[in-house]
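Text of the file upload-v2.cif, holding mmCIF, C-alpha atoms:
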data_structure
loop_
_atom_site.label_atom_id
_atom_site.label_comp_id
_atom_site.auth_asym_id
_atom_site.auth_seq_id
_atom_site.Cartn_x
_atom_site.Cartn_y
_atom_site.Cartn_z
CA MET I 1 -5.59 3.69 -28.51
CA PHE I 2 -4.59 1.66 -25.45
CA ASP I 3 -7.03 -0.56 -23.61
CA LEU I 4 -5.89 0.67 -20.20
CA MET I 5 -3.75 3.67 -19.29
CA ILE I 6 -2.55 4.06 -15.70
CA GLN I 7 -1.32 7.53 -14.80
CA THR I 8 0.64 7.34 -11.55
CA ASN I 9 1.38 10.17 -9.16
CA VAL I 10 4.68 8.46 -8.29
CA PRO I 11 7.70 7.63 -10.48
CA LEU I 12 8.54 3.96 -10.93
CA PHE I 13 12.00 4.09 -12.50
CA GLU I 14 14.95 4.59 -10.16
CA GLU I 15 16.51 7.15 -12.49
CA ASP I 16 13.33 9.23 -12.14
CA GLY I 17 13.73 9.14 -8.39
CA GLY I 18 11.33 6.22 -8.00
CA ALA I 19 11.30 3.69 -5.16
CA MET I 20 9.29 0.48 -5.07
CA GLY I 21 6.81 0.86 -2.24
CA GLY I 22 3.38 -0.72 -1.86
CA THR I 23 1.53 1.54 -4.30
CA GLU I 24 4.21 1.20 -6.96
CA ARG I 25 4.37 -2.57 -6.56
CA GLN I 26 0.59 -2.87 -6.85
CA VAL I 27 0.46 -0.74 -10.02
CA LEU I 28 2.99 -3.07 -11.65
CA THR I 29 1.27 -6.22 -10.34
CA VAL I 30 -2.07 -5.22 -11.85
CA ALA I 31 -0.53 -4.00 -15.11
CA GLU I 32 1.56 -7.13 -15.70
CA LYS I 33 -1.29 -9.49 -14.80
CA LEU I 34 -3.66 -7.76 -17.21
CA VAL I 35 -1.08 -7.95 -20.00
CA GLN I 36 -0.98 -11.72 -19.42
CA GLU I 37 -4.76 -11.69 -19.94
CA GLY I 38 -4.39 -9.99 -23.33
CA VAL I 39 -5.06 -6.39 -22.27
CA ASP I 40 -3.00 -3.63 -23.90
CA VAL I 41 -1.72 -1.75 -20.83
CA ALA I 42 0.38 1.42 -20.60
CA ILE I 43 1.67 3.22 -17.52
CA LEU I 44 2.27 6.95 -17.86
CA HIS I 45 5.08 7.86 -15.48
CA SER I 46 8.55 8.06 -17.01
CA GLN I 47 10.21 11.49 -17.02
CA THR I 48 13.69 10.42 -18.12
CA ASN I 49 15.33 10.68 -21.57
CA GLY I 50 12.04 11.15 -23.43
CA LYS I 51 12.03 7.42 -24.20
CA ASP I 52 9.45 4.66 -23.80
CA ARG I 53 10.05 1.07 -22.70
CA ILE I 54 8.25 -2.25 -22.79
CA ILE I 55 8.84 -4.29 -19.62
CA ASN I 56 7.07 -7.63 -19.14
CA GLY I 57 4.67 -6.60 -21.87
CA VAL I 58 3.66 -3.33 -20.19
CA LYS I 59 4.32 -0.10 -22.09
CA HIS I 60 6.06 2.44 -19.83
CA LEU I 61 5.45 5.82 -21.44
CA ASN I 62 7.19 9.16 -21.07
CA VAL I 63 4.94 11.73 -19.40
CA TYR I 64 5.99 14.65 -21.59
CA ARG I 65 5.32 12.87 -24.90
CA HIS I 66 2.22 10.84 -24.10
CA TYR I 67 0.22 12.76 -21.51
CA TYR I 68 -2.91 13.02 -23.66
CA ASP I 69 -2.72 9.65 -25.42
CA ASN I 70 -6.12 8.00 -25.84
CA SER I 71 -7.30 4.86 -24.08
CA LYS I 72 -10.51 2.94 -23.51
CA VAL I 73 -10.06 3.26 -19.74
CA ARG I 74 -7.77 5.64 -17.89
CA LEU I 75 -6.90 5.26 -14.20
CA PHE I 76 -5.69 8.37 -12.42
CA CYS I 77 -3.76 6.94 -9.49
CA ASN I 78 -4.28 8.91 -6.24
CA HIS I 79 -5.36 12.16 -7.86
CA PHE I 80 -6.04 13.99 -4.60
CA GLY I 81 -4.87 17.28 -6.09
CA TYR I 82 -4.35 18.70 -9.56
CA ALA I 83 -1.33 16.80 -10.87
CA LEU I 84 -0.25 19.50 -13.31
CA ASN I 85 0.51 21.78 -10.35
CA MET I 86 3.07 19.19 -9.18
CA HIS I 87 6.61 18.62 -10.37
CA LYS I 88 9.46 16.76 -8.62
CA GLY I 89 8.71 17.86 -5.08
CA TYR I 90 6.89 21.10 -5.93
CA TYR I 91 3.17 21.09 -5.14
CA MET I 92 0.86 24.10 -5.11
CA SER I 93 -2.30 23.22 -3.20
CA ASN I 94 -5.34 24.97 -4.61
CA PRO I 95 -8.51 23.23 -3.42
CA HIS I 96 -10.92 24.98 -5.77
CA ILE I 97 -9.17 23.48 -8.83
CA ASN I 98 -10.69 20.23 -10.04
CA ALA I 99 -8.50 17.15 -9.72
CA LEU I 100 -8.86 16.48 -13.45
CA SER I 101 -9.31 18.77 -16.43
CA PRO I 102 -11.91 18.18 -19.18
CA ILE I 103 -9.20 17.29 -21.71
CA GLU I 104 -7.68 14.75 -19.31
CA ILE I 105 -11.09 13.15 -18.75
CA ASN I 106 -11.91 13.14 -22.45
CA SER I 107 -8.64 11.44 -23.40
CA ALA I 108 -10.35 8.17 -22.45
CA GLU I 109 -13.73 6.60 -23.13
CA LYS I 110 -14.02 6.01 -19.36
CA SER I 111 -11.98 7.60 -16.59
CA TYR I 112 -11.56 6.57 -12.95
CA VAL I 113 -9.58 7.76 -9.98
CA TRP I 114 -7.79 4.75 -8.44
CA PHE I 115 -7.58 5.27 -4.68
CA HIS I 116 -4.59 3.86 -2.81
CA ASN I 117 -4.87 6.07 0.26
CA TRP I 118 -7.13 8.09 2.57
CA TYR I 119 -7.85 10.81 0.01
CA THR I 120 -10.92 12.63 -1.18
CA CYS I 121 -11.35 14.54 -4.43
CA HIS I 122 -13.94 16.14 -6.68
CA GLU I 123 -16.75 13.85 -7.80
CA LEU I 124 -15.99 14.34 -11.50
CA VAL I 125 -15.37 10.69 -12.35
CA PRO I 126 -16.08 7.37 -10.62
CA ARG I 127 -13.55 5.97 -8.15
CA ILE I 128 -11.93 2.55 -7.80
CA PHE I 129 -11.38 1.88 -4.09
CA ASN I 130 -8.95 -0.76 -2.87
CA SER I 131 -11.08 -1.62 0.16
CA LYS I 132 -14.57 -1.17 1.53
CA ALA I 133 -13.00 0.83 4.36
CA VAL I 134 -11.60 3.47 1.98
CA GLN I 135 -14.90 3.61 0.10
CA SER I 136 -16.76 4.21 3.36
CA TYR I 137 -14.27 6.92 4.38
CA VAL I 138 -14.60 8.79 1.10
CA LEU I 139 -18.38 8.55 0.93
CA LYS I 140 -18.75 9.95 4.44
CA LYS I 141 -16.95 13.05 3.22
CA GLY I 142 -18.47 13.36 -0.23
CA LYS I 143 -21.04 12.06 -2.67
CA LYS I 144 -21.33 8.68 -4.29
CA VAL I 145 -20.56 8.74 -8.01
CA ASN I 146 -22.23 6.41 -10.48
CA GLY I 147 -19.62 3.78 -11.30
CA ASP I 148 -17.82 3.81 -7.93
CA GLN I 149 -16.69 0.31 -6.99
CA VAL I 150 -14.26 -1.69 -4.87
CA ILE I 151 -11.53 -3.76 -6.55
CA PRO I 152 -9.23 -5.31 -3.94
CA TYR I 153 -5.47 -5.38 -4.26
CA MET I 154 -3.93 -8.33 -6.05
CA VAL I 155 -1.43 -10.52 -4.26
CA PRO I 156 1.87 -9.17 -5.64
CA ASN I 157 4.38 -11.20 -7.60
CA GLY I 158 7.03 -12.81 -5.42
CA ILE I 159 5.06 -13.57 -2.26
CA GLN I 160 4.45 -17.14 -3.44
CA ASP I 161 8.22 -17.74 -3.42
CA ILE I 162 8.73 -16.83 0.25
CA GLU I 163 9.00 -19.82 2.57
CA LYS I 164 6.42 -20.11 5.34
CA LYS I 165 8.24 -20.88 8.60
CA GLN I 166 7.20 -23.81 10.79
CA LYS I 167 8.90 -22.13 13.76
CA ARG I 168 9.12 -18.34 13.73
CA GLY I 169 11.62 -16.10 15.49
CA ASP I 170 10.92 -14.12 18.66
CA TYR I 171 11.10 -10.54 17.36
CA LEU I 172 8.25 -8.11 16.75
CA TYR I 173 8.42 -6.57 13.28
CA TRP I 174 7.32 -3.09 12.20
CA MET I 175 7.59 -2.27 8.48
CA SER I 176 6.41 0.86 6.69
CA ALA I 177 7.40 4.49 6.14
CA PHE I 178 8.05 6.73 9.17
CA GLY I 179 4.79 8.66 8.80
CA LYS I 180 2.66 5.53 9.13
CA GLY I 181 3.01 5.33 12.88
CA LEU I 182 6.61 4.45 13.70
CA LYS I 183 6.92 6.89 16.60
CA GLU I 184 3.77 5.54 18.24
CA ALA I 185 4.94 1.95 17.67
CA VAL I 186 8.29 2.56 19.35
CA LEU I 187 6.74 4.36 22.33
CA MET I 188 4.26 1.52 22.72
CA TYR I 189 7.04 -1.05 22.42
CA ILE I 190 9.00 0.64 25.22
CA ALA I 191 5.88 0.60 27.41
CA LEU I 192 5.39 -3.11 26.67
CA TYR I 193 9.05 -3.87 27.35
CA GLU I 194 8.74 -2.18 30.75
CA ARG I 195 5.80 -4.52 31.36
CA ASP I 196 7.96 -7.62 30.76
CA ILE I 197 7.41 -8.23 27.03
CA ARG I 198 11.09 -8.98 26.44
CA LYS I 199 11.07 -9.47 22.70
CA PRO I 200 13.27 -7.37 20.41
CA LEU I 201 11.69 -4.98 17.93
CA TYR I 202 12.93 -5.04 14.33
CA ILE I 203 12.13 -2.07 12.11
CA SER I 204 12.48 -1.65 8.36
CA ILE I 205 11.24 0.87 5.83
CA PRO I 206 10.72 0.33 2.10
CA PRO I 207 13.11 2.02 -0.35
CA GLN I 208 12.50 5.76 -0.05
CA ARG I 209 12.40 8.38 -2.79
CA MET I 210 13.62 11.02 -0.33
CA LYS I 211 16.56 9.95 1.81
CA LYS I 212 15.57 12.41 4.53
CA ASP I 213 12.92 9.82 5.42
CA VAL I 214 15.74 7.41 6.27
CA ASP I 215 17.51 10.06 8.33
CA ILE I 216 14.41 10.83 10.40
CA VAL I 217 14.09 7.17 11.44
CA THR I 218 17.74 7.06 12.47
CA ARG I 219 17.54 10.32 14.43
CA PHE I 220 14.27 9.40 16.10
CA LEU I 221 15.59 6.05 17.31
CA GLN I 222 18.70 7.77 18.68
CA ASP I 223 16.50 10.20 20.61
CA ALA I 224 13.99 7.62 21.85
CA ASN I 225 16.31 4.77 22.74
CA LYS I 226 18.78 6.30 25.21
CA LEU I 227 18.32 3.25 27.47
CA ASN I 228 19.30 0.82 24.71
CA TYR I 229 16.16 -1.25 24.45
CA PRO I 230 16.57 -4.13 21.94
CA ILE I 231 15.38 -2.08 18.97
CA ARG I 232 17.09 -2.86 15.68
CA PHE I 233 16.74 -0.69 12.56
CA LEU I 234 17.30 -2.80 9.45
CA GLY I 235 17.26 0.19 7.11
CA GLU I 236 15.62 0.20 3.68
CA LEU I 237 14.64 -3.32 2.66
CA LYS I 238 13.57 -4.35 -0.81
CA TYR I 239 10.41 -6.41 -1.06
CA GLU I 240 11.99 -9.87 -1.03
CA ASN I 241 14.14 -9.13 2.02
CA ALA I 242 11.24 -7.48 3.85
CA MET I 243 9.05 -10.54 3.22
CA LYS I 244 11.77 -12.90 4.45
CA THR I 245 12.11 -10.83 7.62
CA LEU I 246 8.33 -10.80 8.01
CA SER I 247 8.04 -14.57 7.54
CA ASN I 248 10.31 -15.14 10.56
CA ALA I 249 8.66 -12.58 12.87
CA ALA I 250 6.65 -13.42 15.98
CA CYS I 251 4.09 -10.92 14.72
CA LEU I 252 3.59 -7.93 12.48
CA PHE I 253 3.57 -5.09 15.04
CA ARG I 254 1.35 -2.32 13.62
CA PRO I 255 -0.73 -1.01 16.59
CA THR I 256 -0.40 2.54 15.24
CA LEU I 257 -2.06 5.40 13.40
CA PRO I 258 -2.59 6.18 10.63
CA GLN I 259 -3.78 2.74 9.62
CA GLU I 260 -3.22 1.10 6.29
CA THR I 261 -5.75 1.84 3.55
CA PHE I 262 -6.03 -1.65 2.18
CA GLY I 263 -3.48 -3.38 4.37
CA LEU I 264 -1.62 -5.47 1.82
CA VAL I 265 1.02 -6.16 4.47
CA TYR I 266 -1.69 -7.72 6.67
CA LEU I 267 -2.53 -10.11 3.85
CA GLU I 268 1.13 -10.89 3.26
CA ALA I 269 1.72 -11.53 6.96
CA ASN I 270 -1.20 -13.92 7.39
CA GLN I 271 -0.33 -15.71 4.15
CA LEU I 272 3.11 -16.32 5.65
CA GLY I 273 1.52 -17.59 8.87
CA VAL I 274 2.44 -14.47 10.88
CA PRO I 275 -0.21 -12.95 13.19
CA VAL I 276 -0.94 -9.23 13.04
CA ILE I 277 -1.76 -6.63 15.67
CA THR I 278 -3.27 -3.42 14.32
CA ASN I 279 -6.00 -0.86 14.97
CA GLU I 280 -9.57 -1.03 13.78
CA GLY I 281 -10.78 1.41 11.16
CA ASP I 282 -9.00 0.27 8.00
CA ALA I 283 -9.38 -2.86 5.86
CA ALA I 284 -8.23 -5.13 8.70
CA GLU I 285 -11.79 -6.39 9.12
CA GLU I 286 -11.80 -7.48 5.47
CA ILE I 287 -8.49 -9.35 5.68
CA LEU I 288 -7.69 -10.45 9.23
CA THR I 289 -10.45 -13.00 9.69
CA ASP I 290 -8.30 -15.41 11.73
CA LYS I 291 -9.10 -15.10 15.45
CA ASN I 292 -5.40 -15.28 16.36
CA ASN I 293 -4.84 -11.77 15.02
CA MET I 294 -5.58 -8.80 17.29
CA ILE I 295 -7.56 -5.82 16.09
CA ILE I 296 -7.32 -3.08 18.74
CA ARG I 297 -10.71 -1.58 19.46
CA LYS I 298 -11.92 1.39 21.50
CA ASN I 299 -12.33 -0.66 24.66
CA ASN I 300 -8.80 -2.18 24.57
CA ASN I 301 -5.89 -1.01 26.72
CA LEU I 302 -2.18 -1.73 27.01
CA HIS I 303 -2.75 -4.73 29.28
CA ASP I 304 -4.80 -6.41 26.54
CA ILE I 305 -1.83 -6.07 24.20
CA VAL I 306 0.49 -7.53 26.85
CA ASP I 307 -1.85 -10.51 27.18
CA TRP I 308 -1.99 -11.04 23.42
CA LEU I 309 1.78 -10.86 23.04
CA SER I 310 2.48 -13.18 25.97
CA ASP I 311 1.98 -16.29 23.80
CA VAL I 312 2.30 -14.79 20.33
CA ASP I 313 5.05 -17.28 19.39
CA ASN I 314 2.45 -20.06 19.47
CA LYS I 315 -0.24 -18.29 17.46
CA GLN I 316 -0.80 -19.81 14.03
CA VAL I 317 -2.85 -17.96 11.40
CA THR I 318 -4.24 -18.55 7.95
CA VAL I 319 -5.98 -16.24 5.49
CA ASN I 320 -8.69 -16.78 2.90
CA MET I 321 -7.03 -15.73 -0.37
CA ASP I 322 -10.13 -16.21 -2.52
CA THR I 323 -11.12 -12.53 -2.53
CA PHE I 324 -7.59 -11.45 -3.47
CA ASP I 325 -6.85 -14.08 -6.09
CA PRO I 326 -5.18 -12.41 -9.12
CA ASP I 327 -7.34 -14.34 -11.60
CA LYS I 328 -10.52 -13.18 -9.89
CA VAL I 329 -9.35 -9.58 -9.42
CA SER I 330 -8.17 -9.34 -13.03
CA LYS I 331 -11.72 -10.15 -14.20
CA GLN I 332 -12.95 -7.14 -12.23
CA TRP I 333 -10.40 -4.91 -13.94
CA ILE I 334 -11.24 -6.31 -17.38
CA GLY I 335 -14.88 -5.64 -16.55
CA LEU I 336 -14.12 -1.93 -16.70
CA LEU I 337 -13.30 -2.30 -20.38
CA ASP I 338 -16.60 -3.92 -21.31
CA GLY I 339 -18.73 -2.02 -18.84
CA LYS I 340 -19.35 -4.89 -16.42
CA LYS I 341 -19.11 -4.37 -12.66
#
What is this structure when it is put down as structure tokens?
Amino acid sequence: MFDLMIQTNVPLFEEDGGAMGGTERQVLTVAEKLVQEGVDVAILHSQTNGKDRIINGVKHLNVYRHYYDNSKVRLFCNHFGYALNMHKGYYMSNPHINALSPIEINSAEKSYVWFHNWYTCHELVPRIFNSKAVQSYVLKKGKKVNGDQVIPYMVPNGIQDIEKKQKRGDYLYWMSAFGKGLKEAVLMYIALYERDIRKPLYISIPPQRMKKDVDIVTRFLQDANKLNYPIRFLGELKYENAMKTLSNAACLFRPTLPQETFGLVYLEANQLGVPVITNEGDAAEEILTDKNNMIIRKNNNLHDIVDWLSDVDNKQVTVNMDTFDPDKVSKQWIGLLDGKK
């Protein structure tokens, strides 16, 4: 019996078609930190070769062999639909089917759904939310379950090694997948450029499982940028390169919908001294406590953004990392094993 089993809805290995985005990186960050604390952790995700691996102390298990292995605690990552109706791009939506089956639930002493996005699901088991904002969103659309709680994201491995710039560059930086607001960001950038914000816009996306998501960015920018505004697509950037690009940016330019769920990139930006512009409604209020960030609210307009950007090069920000400290967050995870909240 494992102490903790994490069942992901996304592959992690490249040969399985995996790509290391924010959710994947956070799963590994939590798993590897808990192993360091003496927890026996397994991640159920591999679909290749029928083999298991141990990487940095974490047991990476093959889905087909170990699906019903027992654990003290089992985390079902983003179970917004019934996972056994999904397979490598095929998904049959059937809302009346519970997200988890009785045998899945009973393969662990305690089961939780670990929310990384704006999902809702059946109230069969308690939920672990990555922000108060996601918890509020879910509870407005459903019922509170005994055992629901918020455990913030951990600061991922590697961010501590990125140099904080004393003097940042002059470009605005948008980073995320296409569906997280890129079209709106580019249209807003063009409007700002026409209003004399003459900074270039750099765009990157994380490594994508489906390469059509790279193609759509390329085609969209070709369609939108006939007048050759200074928009530069950097392509797919791995985490280290994305953080280096972020550390040199005038700001993280995310005034778009949908918002982040937790907003790990907000935390990363402010930790690197880079101010953030984003919309209200997600976890920005929990992270962006420095007044030099801009949270766009219902009464703001485009001119307010122009004003904020006019001296963005000189804005210096800090972030309180106490809430997101890996040692503190790991105690919350370990608390699930002994029943403490």
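One finds atom CA of Val125 of chain I at 6.2 Å from atom CA of Ser111 of chain I.
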(message) When you look at segment 291-296 of chain I with a cut-off of 6 Å (counting all atoms listed in the file), what residues show up, excluding the ones that are within fewer than 3 positions of it in the same chain? I need them as a list in words.
(response) Pro275, Val276, Ile277, Thr278, Asn279 and Glu280 of chain I
(message) One decimal, in Å: what's the spacing between atom CA of Asn78 of chain I and atom CA of Ala269 of chain I?
(response) 25.1 Å
Name the residues captured by the PyMOL selection byres ((chain I and resi 128) around 8) when it is applied to the shown file; answer as a PDB file with C-alpha atoms, in the frame of the given file.
ATOM      1  CA  TYR I 112     -11.560   6.570 -12.950  1.00  0.00           C
ATOM      2  CA  VAL I 113      -9.580   7.760  -9.980  1.00  0.00           C
ATOM      3  CA  TRP I 114      -7.790   4.750  -8.440  1.00  0.00           C
ATOM      4  CA  PHE I 115      -7.580   5.270  -4.680  1.00  0.00           C
ATOM      5  CA  PRO I 126     -16.080   7.370 -10.620  1.00  0.00           C
ATOM      6  CA  ARG I 127     -13.550   5.970  -8.150  1.00  0.00           C
ATOM      7  CA  PHE I 129     -11.380   1.880  -4.090  1.00  0.00           C
ATOM      8  CA  ASN I 130      -8.950  -0.760  -2.870  1.00  0.00           C
ATOM      9  CA  ASP I 148     -17.820   3.810  -7.930  1.00  0.00           C
ATOM     10  CA  GLN I 149     -16.690   0.310  -6.990  1.00  0.00           C
ATOM     11  CA  VAL I 150     -14.260  -1.690  -4.870  1.00  0.00           C
ATOM     12  CA  ILE I 151     -11.530  -3.760  -6.550  1.00  0.00           C
TER      13      ILE I 151
END
Please evaluate the PyMOL selection byres ((chain I and resi 57) around 10) against the structure above and give the resulting residues as a PDB file with C-alpha atoms, in the coordinates of the input.
ATOM      1  CA  ALA I  31      -0.530  -4.000 -15.110  1.00  0.00           C
ATOM      2  CA  GLU I  32       1.560  -7.130 -15.700  1.00  0.00           C
ATOM      3  CA  LYS I  33      -1.290  -9.490 -14.800  1.00  0.00           C
ATOM      4  CA  LEU I  34      -3.660  -7.760 -17.210  1.00  0.00           C
ATOM      5  CA  VAL I  35      -1.080  -7.950 -20.000  1.00  0.00           C
ATOM      6  CA  GLN I  36      -0.980 -11.720 -19.420  1.00  0.00           C
ATOM      7  CA  GLY I  38      -4.390  -9.990 -23.330  1.00  0.00           C
ATOM      8  CA  VAL I  39      -5.060  -6.390 -22.270  1.00  0.00           C
ATOM      9  CA  ASP I  40      -3.000  -3.630 -23.900  1.00  0.00           C
ATOM     10  CA  VAL I  41      -1.720  -1.750 -20.830  1.00  0.00           C
ATOM     11  CA  ALA I  42       0.380   1.420 -20.600  1.00  0.00           C
ATOM     12  CA  ARG I  53      10.050   1.070 -22.700  1.00  0.00           C
ATOM     13  CA  ILE I  54       8.250  -2.250 -22.790  1.00  0.00           C
ATOM     14  CA  ILE I  55       8.840  -4.290 -19.620  1.00  0.00           C
ATOM     15  CA  ASN I  56       7.070  -7.630 -19.140  1.00  0.00           C
ATOM     16  CA  VAL I  58       3.660  -3.330 -20.190  1.00  0.00           C
ATOM     17  CA  LYS I  59       4.320  -0.100 -22.090  1.00  0.00           C
ATOM     18  CA  HIS I  60       6.060   2.440 -19.830  1.00  0.00           C
TER      19      HIS I  60
END
(request) Return the single residue from I:Phe324, I:Trp118, I:Phe253, I:Tyr91 that is closest to Leu139 of chain I, with distances computed using only C-alpha atoms. (result) I:Trp118
With 8 Å added on each side, what axis-aligned box encloses every listed atom of segment 180-185 of chain I? Give the centre and edge lengths in Å to one decimal, as JSON.
{"center_x": 4.8, "center_y": 4.4, "center_z": 13.7, "size_x": 20.3, "size_y": 20.9, "size_z": 25.1}
(request) Name the residues that the PyMOL selection byres ((chain I and resi 43-47) around 6) pulls out of this structure, and write them as a PyMOL selection string. (result) chain I and resi 5-8+11+42+48+60-63
(message) I need the residue nearest Val73 of chain I from this list: I:Asn94, I:Gln166, I:Asn49, I:Asn106. Use only C-alpha atoms for the distance.
(response) I:Asn106
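Relative to atom CA of Ile105 of chain I, atom CA of Phe76 of chain I is found at 9.6 Å.
Across I:Lys165, I:Lys140, I:Arg65, I:Arg25, the tightest approach to Thr245 of chain I is made by I:Lys165 when counting only C-alpha atoms.
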N, CA and C atoms for segment 275-297 of chain I, written as a PDB file, in the coordinates of the input, could you do that?
ATOM      1  N   PRO I 275       0.925 -13.718  12.670  1.00  0.00           N
ATOM      2  CA  PRO I 275      -0.210 -12.950  13.190  1.00  0.00           C
ATOM      3  C   PRO I 275       0.064 -11.451  13.151  1.00  0.00           C
ATOM      4  N   VAL I 276      -1.007 -10.682  13.171  1.00  0.00           N
ATOM      5  CA  VAL I 276      -0.940  -9.230  13.040  1.00  0.00           C
ATOM      6  C   VAL I 276      -1.648  -8.580  14.216  1.00  0.00           C
ATOM      7  N   ILE I 277      -1.060  -7.507  14.737  1.00  0.00           N
ATOM      8  CA  ILE I 277      -1.760  -6.630  15.670  1.00  0.00           C
ATOM      9  C   ILE I 277      -1.846  -5.249  15.030  1.00  0.00           C
ATOM     10  N   THR I 278      -3.065  -4.726  14.946  1.00  0.00           N
ATOM     11  CA  THR I 278      -3.270  -3.420  14.320  1.00  0.00           C
ATOM     12  C   THR I 278      -4.546  -2.807  14.871  1.00  0.00           C
ATOM     13  N   ASN I 279      -4.801  -1.565  14.519  1.00  0.00           N
ATOM     14  CA  ASN I 279      -6.000  -0.860  14.970  1.00  0.00           C
ATOM     15  C   ASN I 279      -7.186  -1.128  14.058  1.00  0.00           C
ATOM     16  N   GLU I 280      -8.371  -0.987  14.600  1.00  0.00           N
ATOM     17  CA  GLU I 280      -9.570  -1.030  13.780  1.00  0.00           C
ATOM     18  C   GLU I 280      -9.644   0.238  12.928  1.00  0.00           C
ATOM     19  N   GLY I 281     -10.521   0.204  11.930  1.00  0.00           N
ATOM     20  CA  GLY I 281     -10.780   1.410  11.160  1.00  0.00           C
ATOM     21  C   GLY I 281     -10.305   1.365   9.730  1.00  0.00           C
ATOM     22  N   ASP I 282      -9.423   0.407   9.394  1.00  0.00           N
ATOM     23  CA  ASP I 282      -9.000   0.270   8.000  1.00  0.00           C
ATOM     24  C   ASP I 282      -9.550  -1.042   7.457  1.00  0.00           C
ATOM     25  N   ALA I 283      -8.873  -1.633   6.490  1.00  0.00           N
ATOM     26  CA  ALA I 283      -9.380  -2.860   5.860  1.00  0.00           C
ATOM     27  C   ALA I 283      -9.043  -4.110   6.657  1.00  0.00           C
ATOM     28  N   ALA I 284      -8.568  -3.967   7.885  1.00  0.00           N
ATOM     29  CA  ALA I 284      -8.230  -5.130   8.700  1.00  0.00           C
ATOM     30  C   ALA I 284      -9.413  -6.089   8.828  1.00  0.00           C
ATOM     31  N   GLU I 285     -10.613  -5.538   8.971  1.00  0.00           N
ATOM     32  CA  GLU I 285     -11.790  -6.390   9.120  1.00  0.00           C
ATOM     33  C   GLU I 285     -12.035  -7.241   7.882  1.00  0.00           C
ATOM     34  N   GLU I 286     -11.592  -6.761   6.719  1.00  0.00           N
ATOM     35  CA  GLU I 286     -11.800  -7.480   5.470  1.00  0.00           C
ATOM     36  C   GLU I 286     -10.740  -8.550   5.229  1.00  0.00           C
ATOM     37  N   ILE I 287      -9.621  -8.462   5.945  1.00  0.00           N
ATOM     38  CA  ILE I 287      -8.490  -9.350   5.680  1.00  0.00           C
ATOM     39  C   ILE I 287      -8.207 -10.274   6.856  1.00  0.00           C
ATOM     40  N   LEU I 288      -8.154  -9.708   8.057  1.00  0.00           N
ATOM     41  CA  LEU I 288      -7.690 -10.450   9.230  1.00  0.00           C
ATOM     42  C   LEU I 288      -8.856 -11.198   9.881  1.00  0.00           C
ATOM     43  N   THR I 289      -9.304 -12.239   9.207  1.00  0.00           N
ATOM     44  CA  THR I 289     -10.450 -13.000   9.690  1.00  0.00           C
ATOM     45  C   THR I 289     -10.057 -14.087  10.671  1.00  0.00           C
ATOM     46  N   ASP I 290      -8.772 -14.392  10.782  1.00  0.00           N
ATOM     47  CA  ASP I 290      -8.300 -15.410  11.730  1.00  0.00           C
ATOM     48  C   ASP I 290      -8.339 -14.834  13.146  1.00  0.00           C
ATOM     49  N   LYS I 291      -8.915 -15.585  14.074  1.00  0.00           N
ATOM     50  CA  LYS I 291      -9.100 -15.100  15.450  1.00  0.00           C
ATOM     51  C   LYS I 291      -7.784 -14.887  16.186  1.00  0.00           C
ATOM     52  N   ASN I 292      -6.684 -15.433  15.682  1.00  0.00           N
ATOM     53  CA  ASN I 292      -5.400 -15.280  16.360  1.00  0.00           C
ATOM     54  C   ASN I 292      -4.717 -13.949  16.064  1.00  0.00           C
ATOM     55  N   ASN I 293      -5.279 -13.152  15.161  1.00  0.00           N
ATOM     56  CA  ASN I 293      -4.840 -11.770  15.020  1.00  0.00           C
ATOM     57  C   ASN I 293      -5.478 -10.936  16.125  1.00  0.00           C
ATOM     58  N   MET I 294      -4.950  -9.719  16.337  1.00  0.00           N
ATOM     59  CA  MET I 294      -5.580  -8.800  17.290  1.00  0.00           C
ATOM     60  C   MET I 294      -5.875  -7.475  16.622  1.00  0.00           C
ATOM     61  N   ILE I 295      -7.144  -7.131  16.572  1.00  0.00           N
ATOM     62  CA  ILE I 295      -7.560  -5.820  16.090  1.00  0.00           C
ATOM     63  C   ILE I 295      -7.908  -4.985  17.321  1.00  0.00           C
ATOM     64  N   ILE I 296      -7.142  -3.929  17.551  1.00  0.00           N
ATOM     65  CA  ILE I 296      -7.320  -3.080  18.740  1.00  0.00           C
ATOM     66  C   ILE I 296      -8.558  -2.219  18.555  1.00  0.00           C
ATOM     67  N   ARG I 297      -9.453  -2.311  19.529  1.00  0.00           N
ATOM     68  CA  ARG I 297     -10.710  -1.580  19.460  1.00  0.00           C
ATOM     69  C   ARG I 297     -10.770  -0.528  20.580  1.00  0.00           C
TER      70      ARG I 297
END
